[in-house]
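Take a look at the structure set out below.
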Amino acid sequence: MVKLLSFGAVSAKLPLLLALYFVLANSMSGQTAATIRPATDVKRPTVGVVLSGGGAKGIAHIGVLKILEEVGIPVDYIAGTSMGSIIGGLYATGYDADRLETITVGQNWTKLLSDDISRTDLSIEEKTEEDIFFVSFPYGKTGVRIPSGIISGQNIENLMNTLCFPVYKIRDFNKLQIPFFCVAMDIISGKEVVLRDGYLPDAMRASMAIPSLFAAVPRDSFLLVDGGVVNNFPSDHLKEMGADIIIGVDVGYKNPDPSDSYDIFKIFEQTVFIASEARMMANRRLCDIYIQPDLTGYNSSNFSDADSLIARGEKAARLQLPALYKLRDSLKNLSAFRPTKPVLPAVDSVLLKEIQIHGLDKVSARLVSGKLQLNLQSWIKPAEIRSAINNVYSSMYFSKVTWELQPVENDKTNSQALLQINVKEKEGGLLRVGLNYNSDFSASILLNTTFRNLLIGGTKLSFNLGLGDSPKILASYFKNNGIKPGWGLDVEGQNMDIYSYNGSRKTATIDYTNIAVRLYTQSIFKNSFALGGGLEFEFENFNPLVGEALPESESNRFYNGFLFLNIDHYDDISYPTKGSRLYCKYKLIYAEDLPFDHFLRFQYEKAVPIVKRITFLPSFFAGYSSADSTASMYQFYMGGMNRLQISGLLPFVGLDFMQVNNRVVTGIGANLQYNFWRKNYAVFRINAGSSAWDLTNLFMQGTGMLGFGITVGNNSIIGPIEITLMASNLHHDLLSYINIGYWF
């Protein structure tokens with residue numbers, strides 16, 4: 001709905017108001033009405049724009065600004081609260097309406113308005129664990145910890161810092177291209193705080209910190225939250241700032257309709273804005289032109305409808321075109337009339353003079369610098385800083401990582417900058433839970449507890465306990481130094497049933513127990529590339545259970561050295577749409593009174609988007625082992641759909657779990673993945689390969705395998721829920737495989 005206030009009807013009163021303004025201006029300088037100078041010599045009245053809060057609905061402000069630019073209305077001051085502070089602050093910085101539209105429409109709002117880290121950005125040593133747990137609980141000495149807000153603001157602050165990069169030197173908001181202020185509330189005193197200076201991204205972030213939803217922002221002695229609680233439409237402060245004519249855009253509070261449905265976001269919105277309703281009504285009366293877009297059907301969470309919200313703002317402003325043109329024409333006759341779009345300052349990079357890291361206690365600066373990978377005395381762009389901050393945050397050692405550029409004193413080049421990084425280390429522990437059911441191992445539950453920075457800064461202590469038919473335990477302590485070599489100690493144990501086959505017929509079931517202790521070093525490059533090696537002691541026991549011609553029970557001890565290369569760029573572990581994975585491991589195996597054996601495993605797969613919703617997933621695997629029957633678990637076992645990273649187990653569609661056993665294997669895969677509806681997928685699978693006891697016989701007649709299948713699945717919150725039907729030339733019967741949850 002668009003309103004032209006009766007008490008300030010511009011169409012009737014603007015000429016009278018302007019004439020009165022000219023008379024007063026001249027009388028104050030000692031002149032009479034008879035000696036008024038020509039209008040072209042009179043300083044024109046100033047125009048201020050005030051933008052209310054309203055969550056996602058505040059995107060409609062951009063549509064109004066587009067029309068103001070189209071008409072040619074000069075904007076001398078701009079102010080806002082909450083989402084209005086974001087739009088207003090960026091407009092004051094130099095982003096015109098078209099650029100603001102591009103930013104908002106192209107934004108991934110789901111990621112932005114959360115603290116989540118995409119799998120692509122996760123540090124590689126964290127990807128595996130993040131892939132298998134679906135729920136987590138932070139806890140400390142006093143039990144489960146409750147944060148000051150559901151969202152700390154990590155991602156949105158990183159974006160605000162990036163967008164405000166061109167004006168990082170400006171700390172007085174009156175010196176922005178358009179003078180600006182925004183409003184917040186001090187949650188401690190309950191008083192209004194008008195933010196006119198400081199670091200612009202912090203001010204905008206504080207103004208939109210909806211209580212309980214976003215974490216409060218500390219500033220001096222204040223703890224700031226959303227200004228909509230006290231003043232959602234600050235036209236009063238805009239008038240005090242010097243605006244003679246005020247154009248107000250209101251997307252905030254409206255009288256509730258009892259028939260409306262109320263989700264959590266709408267309840268938040270009403271709770272925040274209803275407290276300042278009386279003041280809002282008074283501030284509306286200060287507007288000369290008041291625009292209230294019709295946003296029926298939208299609420300504060302509809303960020304994905306950015307294009308529609310902007311269109312609603314445009315429509316509302318166009319209904320005010322007669323008043324806007326009259327205002328423009330009245331101002332045109334006066335001096336100092338420059339109706340120009342804001343222009344973003346041409347600062348696209350700075351010379352990095354110094355990096356300061358604040359907030360470190362247990363975590364070493366070495367880890368942070370290893371993750372940043374920024375070089376002093378080099379030119380850097382805002383996107384590079386944003387990526388570097390993501391690298392540090394994705395290490396999982398910090399609950400928040402923010403940054404601020406500061407000018408360098410006595411900088412004769414006027415291009416140097418100091419990068420200040422503020423970190424908040426994680427405290428306490430994390431309890432996580434994973435669930436899985438599959439046709440090979442039945443149901444199991446995985447419990448994990450993780451502590452960071454325990455005993456030594458930059459470390460992660462993790463305990464995994466898998467309960468089910470195949471129990472397992474893993475205790476891991478890892479010191480992360482980023483690109484510089486770190487070190488780790490793992491203790492792992494597992495028990496599972498393994499099988500012997502004669503062709504496609506299962507001939508024996510053997511109880512297998514494995515215990516391993518590993519000491520290793522590892523370097524991590526750009527979050528997705530890990531290179532390392534170490535020493536391993538491994539004990540294994542075979543206890544035959546049922547079958548034909550059962551072998552004797554046996555136990556073996558191995559002393560191994562190993563090297564590994566792990567690269568993981570996948571955006572999703574279950575149904576990737578982009579990225580690739582490569583895993584390569586070499587082991588030198590030694591057992592008492594036996595010669596050294598060699599074990600080499602290589603796997604590569606890639607996600608290639610074909611068209612929207614369809615992804616091609618080619619893969620290649622190969623393996624070589626010199627181990628004989630004494631070290632049989634260092635041979636290769638192909639078959640099934642399990643993706644377990646255990647020695648020589650390799651999945652192969654159309655075969656039973658571990659159906660084919662040999663020392664030399666190679667194969668390819670070609671999957672076609674179709675996302676047919678929301679998070680539901682169909683995957684057409686094919687594998688072709690060959691296996692032999694010796695390398696020279698790998699491609700002899702009779703060594704080939706061909707399998708194919710189809711999977712239908714849903715990428716649920718607990719992991720993939722899927723059923724696969726498959727067959728192969730070595731198993732002519734139709735096989736089925738069911739999996740629920742992530743593999744572990």
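Here's how to read the names in the structure tokens: chain A, B, ... by the order shown, residue numbers from 1 in each chain, ligand numbers from 1 in the order shown.
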
Fewer than 4 positions away in the same chain doesn't count, so skip those; otherwise give me all residues within 6 Å of A:Leu706, counting only C-alpha atoms, as a compact mmCIF listing (two decimals) with N, CA, C and O atoms, in the first residue's frame.
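Wrote it out as out.txt, contents follow:
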```txt
# COMPACT_ATOMS: atom_id res chain seq x y z
N ASN A 687 29.95 -50.18 -13.69
CA ASN A 687 31.37 -50.42 -13.39
C ASN A 687 31.92 -51.45 -14.35
O ASN A 687 31.24 -52.42 -14.69
N ALA A 688 33.15 -51.26 -14.76
CA ALA A 688 33.87 -52.26 -15.56
C ALA A 688 35.26 -52.36 -14.99
O ALA A 688 35.88 -51.35 -14.62
N SER A 728 25.45 -58.17 -12.38
CA SER A 728 26.75 -58.16 -13.03
C SER A 728 26.96 -59.47 -13.78
O SER A 728 26.18 -60.42 -13.65
N ASN A 729 28.05 -59.54 -14.56
CA ASN A 729 28.36 -60.78 -15.28
C ASN A 729 28.85 -61.88 -14.34
O ASN A 729 28.90 -63.05 -14.71
```

Shell around A:Tyr742 at 8 Å using only C-alpha atoms, local window under 2 positions removed, as a PyMOL selection string: chain A and resi 131-133+434-436+718-720+740+744

I need the residues from that last selection saved to file as a compact mmCIF listing (two decimals), in the first residue's frame (with N, CA, C and O atoms), if you can.
```txt
# COMPACT_ATOMS: atom_id res chain seq x y z
N ASP A 131 30.72 -35.35 7.46
CA ASP A 131 29.90 -36.13 6.54
C ASP A 131 29.06 -37.19 7.24
O ASP A 131 28.13 -37.73 6.64
N ILE A 132 29.40 -37.55 8.47
CA ILE A 132 28.73 -38.71 9.08
C ILE A 132 27.85 -38.37 10.28
O ILE A 132 27.09 -39.22 10.72
N PHE A 133 27.93 -37.15 10.80
CA PHE A 133 27.11 -36.79 11.95
C PHE A 133 26.00 -35.83 11.54
O PHE A 133 26.23 -34.89 10.79
N GLY A 434 25.68 -40.04 14.86
CA GLY A 434 25.41 -40.48 13.51
C GLY A 434 24.69 -41.82 13.52
O GLY A 434 24.88 -42.63 14.44
N LEU A 435 23.84 -42.06 12.53
CA LEU A 435 23.09 -43.30 12.43
C LEU A 435 23.28 -43.91 11.05
O LEU A 435 23.42 -43.19 10.06
N ASN A 436 23.28 -45.26 11.00
CA ASN A 436 23.37 -45.90 9.70
C ASN A 436 22.74 -47.29 9.75
O ASN A 436 22.86 -48.01 10.74
N ILE A 718 19.59 -36.94 7.92
CA ILE A 718 20.42 -37.96 8.58
C ILE A 718 21.36 -38.63 7.59
O ILE A 718 22.11 -39.52 7.97
N GLY A 719 21.33 -38.20 6.34
CA GLY A 719 22.16 -38.81 5.31
C GLY A 719 21.31 -39.41 4.22
O GLY A 719 20.08 -39.31 4.23
N PRO A 720 21.93 -40.05 3.24
CA PRO A 720 21.17 -40.61 2.12
C PRO A 720 20.28 -41.77 2.56
O PRO A 720 20.68 -42.62 3.35
N ILE A 740 20.64 -46.41 4.78
CA ILE A 740 20.00 -45.28 5.45
C ILE A 740 21.06 -44.60 6.31
O ILE A 740 21.62 -45.21 7.22
N PHE A 744 29.96 -45.16 7.97
CA PHE A 744 31.07 -44.97 8.91
C PHE A 744 31.62 -46.32 9.35
O PHE A 744 31.02 -47.34 9.14
```

Between A:Gly466, A:Gly58, A:Gly48, A:Gly704, which has the minimum distance to A:Trp743 (counting only C-alpha atoms)? A:Gly466

Which residues of stretch 50-101 of chain A come within 7 Å of stretch 177-195 of chain A, and what is each one's closest atom pair and distance in Å (one decimal), counting only C-alpha atoms, sorted by chain and residue number, as a tab-separated table?
```
residue	atom	partner	partner_atom	distance
A:Asp76	CA	A:Ile178	CA	6.0
A:Tyr77	CA	A:Pro179	CA	5.1
A:Ile78	CA	A:Phe180	CA	5.1
A:Ala79	CA	A:Phe181	CA	5.1
A:Gly80	CA	A:Cys182	CA	5.0
A:Thr81	CA	A:Val183	CA	5.3
A:Ser85	CA	A:Cys182	CA	5.6
A:Gly89	CA	A:Phe180	CA	6.6
A:Ala92	CA	A:Ile178	CA	4.6
A:Thr93	CA	A:Gln177	CA	6.0
A:Gly94	CA	A:Gln177	CA	6.5
```

Show me, as a PyMOL selection string, the residues that have an atom within 8 Å of A:Asn283 when counting only C-alpha atoms, minus same-chain residues fewer than 3 positions from it. chain A and resi 233-236+279-280+286-287

From stretch 371-446 of chain A, collect each residue whose DSSP state is strand (DSSP E or B) and return the set as an MDAnalysis selection string. chainID A and resid 379:380 398:407 416:425 429:438 442:446

Assign secondary structure with DSSP using the backbone only, and return the residues of stretch 431-667 of chain A in helix (DSSP H, G or I) as number ranges by chain. A: 629-634

As a ChimeraX atom specification, please: the residues near A:Asp469 (cut-off 12 Å, only C-alpha atoms, same-chain neighbours under 2 positions excluded). /A:436-445,466-467,471-472,494-497,511

So that I can see what lies close to A:Val71, please list as an mmCIF file with C-alpha atoms, in the first residue's frame the residues with an atom at most 8 Å from it, counting only C-alpha atoms and leaving out residues fewer than 6 positions away in the same chain.
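Produced file selection.cif, reproduced below:
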```cif
data_model
loop_
_atom_site.group_PDB
_atom_site.id
_atom_site.type_symbol
_atom_site.label_atom_id
_atom_site.label_comp_id
_atom_site.auth_asym_id
_atom_site.auth_seq_id
_atom_site.Cartn_x
_atom_site.Cartn_y
_atom_site.Cartn_z
ATOM 1 C CA LEU A 321 5.690 9.739 -9.239
ATOM 2 C CA LEU A 324 8.432 12.938 -6.738
ATOM 3 C CA TYR A 325 8.480 14.858 -10.036
ATOM 4 C CA ARG A 328 12.492 17.307 -8.350
#
```
